[in-house]
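Please read the structure below before turning to the comments.
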4 protein chains.
Amino acid sequence: MYFASDNRGPVPQEILDALTAANTGYTGGYGSEDLMTTVRQQVRDVFEAPDAEVFLVTTGTAANALALATLVDPYDTVFCSKLAHVHMDECNAPEFFTGGAKLTLVGDGDKLTPEALKHAIEEEENRGVHGPQRGAVTITQVTERGNVYSLAELSALCQTAKSYGLPVHLDGARFANAAVALDCTAAEMSWKLGVDAVSFGGTKNGLLGVEAVVLFDKTKAREFELRRKRGGHLLSKHRYLSAQMHAYLTNDLWRRLARAANDNAQYLLNGLTKRADIHIVNAVQANMIYFEAPRALHQSLQAEGLDYDVQGGDLHTGPSEMLLLGRFVCDWGLPKQDIDRFLNHLDRQ
Amino acid sequence: MYFASDNRGPVPQEILDALTAANTGYTGGYGSEDLMTTVRQQVRDVFEAPDAEVFLVTTGTAANALALATLVDPYDTVFCSKLAHVHMDECNAPEFFTGGAKLTLVGDGDKLTPEALKHAIEEEENRGVHGPQRGAVTITQVTERGNVYSLAELSALCQTAKSYGLPVHLDGARFANAAVALDCTAAEMSWKLGVDAVSFGGTKNGLLGVEAVVLFDKTKAREFELRRKRGGHLLSKHRYLSAQMHAYLTNDLWRRLARAANDNAQYLLNGLTKRADIHIVNAVQANMIYFEAPRALHQSLQAEGLDYDVQGGDLHTGPSEMLLLGRFVCDWGLPKQDIDRFLNHLDRQ
Amino acid sequence: MYFASDNRGPVPQEILDALTAANTGYTGGYGSEDLMTTVRQQVRDVFEAPDAEVFLVTTGTAANALALATLVDPYDTVFCSKLAHVHMDECNAPEFFTGGAKLTLVGDGDKLTPEALKHAIEEEENRGVHGPQRGAVTITQVTERGNVYSLAELSALCQTAKSYGLPVHLDGARFANAAVALDCTAAEMSWKLGVDAVSFGGTKNGLLGVEAVVLFDKTKAREFELRRKRGGHLLSKHRYLSAQMHAYLTNDLWRRLARAANDNAQYLLNGLTKRADIHIVNAVQANMIYFEAPRALHQSLQAEGLDYDVQGGDLHTGPSEMLLLGRFVCDWGLPKQDIDRFLNHLDRQ
Amino acid sequence: MYFASDNRGPVPQEILDALTAANTGYTGGYGSEDLMTTVRQQVRDVFEAPDAEVFLVTTGTAANALALATLVDPYDTVFCSKLAHVHMDECNAPEFFTGGAKLTLVGDGDKLTPEALKHAIEEEENRGVHGPQRGAVTITQVTERGNVYSLAELSALCQTAKSYGLPVHLDGARFANAAVALDCTAAEMSWKLGVDAVSFGGTKNGLLGVEAVVLFDKTKAREFELRRKRGGHLLSKHRYLSAQMHAYLTNDLWRRLARAANDNAQYLLNGLTKRADIHIVNAVQANMIYFEAPRALHQSLQAEGLDYDVQGGDLHTGPSEMLLLGRFVCDWGLPKQDIDRFLNHLDRQ
């Protein structure tokens, strides 16, 4: 189970402690609890955005779909990468929450480029009311292939979007991993570049299931609130979400966890690169390693009980030397000795 | 904060302990964890329904809206009480998740009657494709006014629905409180009467935020799963929902908590009935007391910091003897001494 | 077939002639044809609203649903009468086009009153994000029971809506019949009272299938256009809609047709009132007569082949003296001799 | 205006005559008129499908979106070409009517291939509830680039779809042009290949605005009816749609019109091919010619008042020899002498 995803392992003790600490006395519900006031301020501080509005939900899909629904109209389209989570892994949630907006796939890989984005936006130009209207741009940081956009890259994308008057959403399911990788602040990776709304992930980085949606344009806040409630995503005992986010943002826990995850990936990467038959296909800056390896090697590793995703072909048939894409995801809590054990095992293959 | 709702207090230690117990090692996500297999079996045992399908979500609104969306088509209508949570308190979530189905309000109060239900269903009869089609019936047990339907009453409603071929959904946000009040089993209060789908509440009865949707017609299970994912309601670290529900269903915790809440309500009721100026308006069988009292009394209690809902008029203006409706909700954990202190306070008014 | 509805008879020759006249040469589509420019100006002239935006669609359901979708958000509610066409006869089209907004039923009959409207709006007040938000008010003129609101009544409703900041939509499927009945201008019955959007009906008053949506707030025009296209309601050969509306608004044809229909109703009414067993239940100002009559009489008339709606009970069982509600609708083209023949027939019953 | 589209010219006199013929007496509405019974039988005869269900609507967008909504669920995806009208030119109508289903773009051009279709379907395979589900395949015949699938090609696509259990929709906005081009029957181009639902276009082939949706699986008929009404696409004076379709299917008018249009395209094509600087890019079998020509030539033609679409670059800037894509669409009524005049004009360039 180790490398399959960063949502398979336990959460840090700090988070459970935070739940215990919050579990006392009677308090307002639905985000009216004092703890949420604290969290709101923490997020504003972390993002250096005193006017930002902050909402907590329990899944990344909800965060993304609600944020996009707040940014676009049902007759619009959202520009995203071909591999974007909103397109691939949310079972039409963006289409659902937006009331039927379209996703326009941009470019060919996991990363948007300003050129491809500009091209896609231009393509939606000439059809008047017949085509969907240009709605928003959503960027995933860290990308679905484990790549981290540089701040310059993000800036260029934001500028392209802005040149057409389009708002930008950042799907930050792994926001923390990226911020640590880039050694930048939350502000530097968001509104300072032109990002309008962030799905600030917590679940993949140590929380039980909490994501914050941060809206830098507070005029959208009321709409978001109503859409959240209408989506069944407003929790009555909201304090247990606040408690998690409170701990997450206290003493930089969010960065410490992400750094641990990223470090684990580097540690694993060092071991992997010794093997000639493993070809790393992404620039490993965060906590994900994408690699090509012969089918036979994948098969052997999986037979040993190692759990990770393999894509691009059938694990069980075809030439043994056929290259398949593998994905290792490291979470904050992965024990170093487990990585060592795996690498030793690999040495013996 | 004491009497405002049953979602304002802490959760039992058993639930936090269950989170801690679940917080170990790597496991499958999205409900594929072993713990969910256990929970599924527990629910089937509790409901004596070996084929039932079980899904966990974090809010009652999600449970209700997803269940209804699975039962009806977008051109249908759902028959519900005028005060139903799905109508009053879910910000159009049922309309959203069903793709635009209507709610048809039945009768005048919180309780459906077979006659009113029959009348409403018949009313939708003559308009062919012009009117909405008859979709489903949803019944809230305990009702929004604190009343508990008897099994005979529920049975009559189910029979009415069935005579028109309509499926029945039970909004059981306070299912446990009702089952304890009626001293019946979960099966006796659901599929044995003809109920097709239950929102089996946990959040108001001691969980952090978990509701189980129980589908007795398993052919609907796949659709439910897809709608849950599309609604952003499939949690990746699902084990923390399973853990709560597991503890809830172990050693009858769900019934013990509900009994404690109901007992608290009876204890409070005994104190209230001593006062001539307080008129109890519901049959208090579960954990809610609705009462009429003079505006001045409400005002004085609220001024003392007692938090509970007042409806039907302005607390701060009007004749002091004007009767306003108050609602006390008792949860499982309400300390007896707090009730005593309140009653003593009341004696001194 | 005669009295069943005002959509059962033929259209005037002027309308067919207009189609023929338009059927020449090549022209722009989708409303870009010159004829639509003319129509737009005609509507602006008729409504004395030089800035109004005008859109043509083929059904009243489309006109209403698109107009409401442009005025409200999905988490809103629309206040309407219990008998409103949008509620009763559009198979959830308003819920569909608005993305799931609710309809809140106001009062008990076909006519809204300011008091009932105010009450309903106030009711939606206290639930914050939990209830739907106040979206818009829709008023049907002529009502579904054949009554015509006076200008003073409409004004009071608009003022009530406005006092809460709510926009007003007028479902004017029989706008012309009402304007003739009240002997007022289109402006006097719409924006001068505070109406923001009108479904200006043509189909029930002599067109093949054309309704104009008139938006007095032109900032909503683009959204309407996009929603119309998205709804499949933008016709490519739009000239054939324009042609009909052009003829309809030329030389007051719309008023002449409505006057003929209303006169037919008065003529029929005069005959009916001679019978003691027929009780007229509405104030017949437009082209609809609602009346109570014994079941036996209804049965006999229908047996003679007279086609009209009967409501409120079973035509074929029950006491012969049981009163059932009948509806006669007169269209512009109903031959007087047919009415005479019917009345003669009635005399012989 | 001549070559811009096949929705810019007049309709044949037969169609106006049919409206006049239908414009007599009182009749049932909403498709209950006798004429629709006749039309239903005509369509069944033309398609050799005695059980087919037939519905009339006024736009191709409505026909397509309603058909797809009847075939798929909101969590599904519809496989279509990158240039499909449903994707490019319907302003998210399919997403709207399906309740948020996705369109998956297949391959790179206007024509689907079995390989590309298979690949796209397989791609949706591995994500379980996370990705959209496989819903349906929609094929456009004639394609948006003027190409006509052979029956063998259509058959292969249908077989691919069927091998995954997916229903097939045929967007036949130019069904008649294709059937004439292939010299095949309606049955041979639809259900005999495995097509489940057809949008049988009339508007681009001489009607004012009527498309028939033909469902070969009649179990879907009721759902379609309800969705049509809910979409505001059920016309009350439905006889005027029936009348058009009746004339269209009488004495093979639909084929005669299409043949005239196709012949016009061939006639024009013959003239165009004489020029070395015009490169025809599609196989002109139906009524559309796509061609590349130097910017300067396009500019000159448009300056002369010739109206047709130019794509792929700016008509007014860039090298004069830059190739831009032009589209000529011929309708049934285009006078030969106008084509001659244009070709003469071209000779003089």
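Residues in the structure tokens are numbered from 1 in each chain, the chains being A, B, ... in the order shown, and ligands are numbered from 1 in the order shown.
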Tell me which protein, DNA and RNA residues are within 12 Å of stretch 267-272 of chain C, counting only C-alpha atoms, leaving out same-chain ones fewer than 3 positions away, and put them as a ChimeraX atom specification. /C:3,259-264,275-293,327-331,334-347
Strand (DSSP E) per DSSP on the backbone: members of stretch 138-266 of chain A, as a PyMOL selection string: chain A and resi 138-140+168-172+197-201+211-215
Could you tell me which residues of chain B sit within 7 Å of chain C when counting only C-alpha atoms, and give me the result as a list in words?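 Every residue meeting the condition is included here: Tyr75, Met88, Asp89, Glu90, Cys91, Asn92, Glu95, Phe96, Gly99, Gly100, Ala101, Lys102, Val129, His130, Gly131 and Pro132 of chain B.
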What would the file look like if the residues just selected were written as a PDB file, in the first residue's frame with C-alpha atoms?
ATOM      1  CA  TYR B  75     -39.055  15.507 -14.417  1.00  0.00           C
ATOM      2  CA  MET B  88     -36.789  24.009   4.323  1.00  0.00           C
ATOM      3  CA  ASP B  89     -33.166  23.603   5.198  1.00  0.00           C
ATOM      4  CA  GLU B  90     -31.168  22.250   2.301  1.00  0.00           C
ATOM      5  CA  CYS B  91     -30.910  25.311   0.082  1.00  0.00           C
ATOM      6  CA  ASN B  92     -32.351  23.477  -2.933  1.00  0.00           C
ATOM      7  CA  GLU B  95     -33.533  20.123  -6.696  1.00  0.00           C
ATOM      8  CA  PHE B  96     -29.815  20.318  -7.472  1.00  0.00           C
ATOM      9  CA  GLY B  99     -31.345  17.661 -11.803  1.00  0.00           C
ATOM     10  CA  GLY B 100     -34.386  19.811 -11.181  1.00  0.00           C
ATOM     11  CA  ALA B 101     -37.088  17.599  -9.709  1.00  0.00           C
ATOM     12  CA  LYS B 102     -39.781  19.352  -7.724  1.00  0.00           C
ATOM     13  CA  VAL B 129     -46.542  15.383 -19.654  1.00  0.00           C
ATOM     14  CA  HIS B 130     -47.414  18.924 -18.615  1.00  0.00           C
ATOM     15  CA  GLY B 131     -47.037  18.404 -14.891  1.00  0.00           C
ATOM     16  CA  PRO B 132     -44.173  16.781 -13.071  1.00  0.00           C
TER      17      PRO B 132
END
Atom CA of C:Ser242 and atom CA of C:Trp332 are how many Å apart?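 Between these atoms lies a distance of 21.1 Å.
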With only C-alpha atoms as the atoms that count, which of A:Ala187, A:Val198, A:Ala179, A:Ala4 lies nearest to A:Val46?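 Checking each of A:Ala187, A:Val198, A:Ala179, A:Ala4 against A:Val46, counting only C-alpha atoms, the winner is A:Ala187.
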Give me the residues within 9 Å of stretch 157-169 of chain C as an MDAnalysis selection string, counting only C-alpha atoms and dropping any in the same chain fewer than 6 places off. chainID C and resid 64 67:68 71:72 112:115 117:118 121 134:140 193:199
Neighbours of D:Val39 within 10 Å (only C-alpha atoms; same-chain residues fewer than 2 positions away dropped), as a list in words?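 Within the cut-off, the hits are Asp34, Leu35, Met36, Thr37, Gln41, Gln42, Val43, Arg44, Asp45, Val54, Phe55, Leu56, Ala212, Leu241, Ser242, Ala243, Gln244, Met245, His246, Ala247, Tyr248, Leu249 and Thr250 of chain D.
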Would you compute the distance between atom CA of C:Lys274 and atom CA of C:Asn177? Give it in Å to one decimal.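 Value for the atom CA of C:Lys274-atom CA of C:Asn177 distance: 24.8 Å.
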Quick one: pull the distance between atom CA of C:Glu304 and atom CA of C:Gln349, Å, one decimal.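 Computing it gives 11.0 Å between the two atoms.
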